[in-house]
Amino acid sequence: MEKETQYALITGASKGLGYELARALARRNKNLLLVALPGEDLAGKSEIIKNDYGISVYCVECDLTREKELNDLVLWVKENYTINMLINNAGMGCTTKFSQTSRQEIDQILLLNIRSVALLTHGLLPLLANQHQSYILNIASLAAFLPMPYKSVYPASKAFVYSFSRGLCAELKDTNVFVSVAHPGGMATNPDVCRRISKADWFTRATILSIEKTAEICVRGLLKKQTLIIPGAMNKMVWLLTRLSPVSLQLRYLRSDFRKEITSTQKSDIIFTKEKS
């Protein structure tokens, strides 16, 4: 029965943007396969969406940085479901000096933000290609266009997501699989982020969108087959400025901004969370 029903698979779906993307699709009567880390009440949140919108929702808890769990996820989908939408949303990052970032933290960012996106897409692409029309949405970040001191690995990983998505989109142009990449700016996803936003300058605060609005823009853009999605007018302005202004000027501003954040934030307060996006 489930093989006859089409689903959208969303990673990092237990909170933040991932959860709101799930709700945005559910409002469009889209059945869902939700993926998140263990211990985040994914089953309970899946049940809420199911009851609110009257759709089919199934979930699986796994750590996408672990190769076996990623492979098991692909096998679970292949054996049980038909999908025509993949949203690679799970991501992680931190704000700290690179020299003070542990090797494990660096490895986790690379495994989740880069490796899992490429391998999950590769594993599920044959299923997507079998449908009349399929979609892939990769969640990057506005940071993908900005080399950032004190966040150096995170924006670099999101630059990969941008390049990978645009290249794959061109490769699949004459097929039934459409690929889009979204670059959201800052979002008030948790109390710590809200605290940091409140201390930011006016320009940074002006780029902030709610996660609900960001999710709606991303889903609408995907279904309209927009290859590049940048939610919010101010964020589009930032994107334009990154294309027009010298990188040296960008780095000077960002170094000053993030250096203030580093000096005012204790190590224990630094954001380093899986499925942050």
# chains A, B, ... in the order shown; residues from 1 in each chain; ligands from 1
call {"tool": "residues_around", "arguments": {"residues": "region 38-47 of chain A", "least_positions_apart": "6", "cutoff": "12 Å", "atoms": "only C-alpha atoms", "output": "number ranges by chain"}}
result
A: 10-16, 18-20, 22-23, 26, 31-32, 53-64, 69, 274-275
call {"tool": "write_last_selection", "arguments": {"atoms": "C-alpha atoms", "output": "compact mmCIF listing (two decimals), in the first residue's frame"}}
result
# COMPACT_ATOMS: atom_id res chain seq x y z
CA ILE A 10 12.86 15.44 5.18
CA THR A 11 16.01 15.20 7.29
CA GLY A 12 16.44 17.20 10.48
CA ALA A 13 12.67 17.22 10.79
CA SER A 14 12.19 17.22 14.57
CA LYS A 15 12.66 20.96 15.11
CA GLY A 16 13.48 24.30 13.58
CA GLY A 18 12.94 20.98 9.21
CA TYR A 19 9.78 20.74 11.31
CA GLU A 20 8.27 23.80 9.64
CA ALA A 22 7.19 19.31 7.16
CA ARG A 23 4.19 21.38 8.20
CA ALA A 26 1.50 18.81 5.11
CA ASN A 31 2.62 12.59 2.89
CA LEU A 32 5.85 12.61 4.88
CA TYR A 53 -3.47 17.58 8.54
CA GLY A 54 -4.88 14.08 8.02
CA ILE A 55 -1.91 12.80 6.04
CA SER A 56 0.33 9.74 6.31
CA VAL A 57 3.46 10.38 8.35
CA TYR A 58 6.19 7.89 9.17
CA CYS A 59 9.45 8.59 10.95
CA VAL A 60 12.83 7.07 11.64
CA GLU A 61 15.51 8.11 14.13
CA CYS A 62 19.10 7.91 12.93
CA ASP A 63 22.43 9.70 12.93
CA LEU A 64 23.31 10.62 9.36
CA GLU A 69 22.66 4.32 9.77
CA LYS A 274 23.00 18.66 14.95
CA GLU A 275 20.09 19.35 12.65
call {"tool": "residues_around", "arguments": {"residues": "region 229-238 of chain A", "least_positions_apart": "2", "cutoff": "12 Å", "atoms": "only C-alpha atoms", "output": "ChimeraX atom specification"}}
result
/A:137-146,162,165-166,179-187,202-227,240-245,250
call {"tool": "atom_distance", "arguments": {"atom1": "CA of Ile109 (chain A)", "atom2": "CA of Tyr154 (chain A)"}}
result
7.0 Å
call {"tool": "select_by_dssp", "arguments": {"residues": "region 36-222 of chain A", "states": "alpha helix (DSSP H)", "output": "PyMOL selection string"}}
result
chain A and resi 42-53+67-80+103-110+116-129+153-171+191-198+202-206+211-222
call {"tool": "atom_distance", "arguments": {"atom1": "CA of Lys97 (chain A)", "atom2": "CA of Tyr150 (chain A)"}}
result
4.9 Å
call {"tool": "select_by_dssp", "arguments": {"residues": "region 96-160 of chain A", "states": "strand (DSSP E or B)", "output": "list in words"}}
result
Ser134, Tyr135, Ile136, Leu137, Asn138 and Ile139 of chain A
call {"tool": "atom_distance", "arguments": {"atom1": "CA of Asn84 (chain A)", "atom2": "CA of Leu228 (chain A)"}}
result
19.5 Å
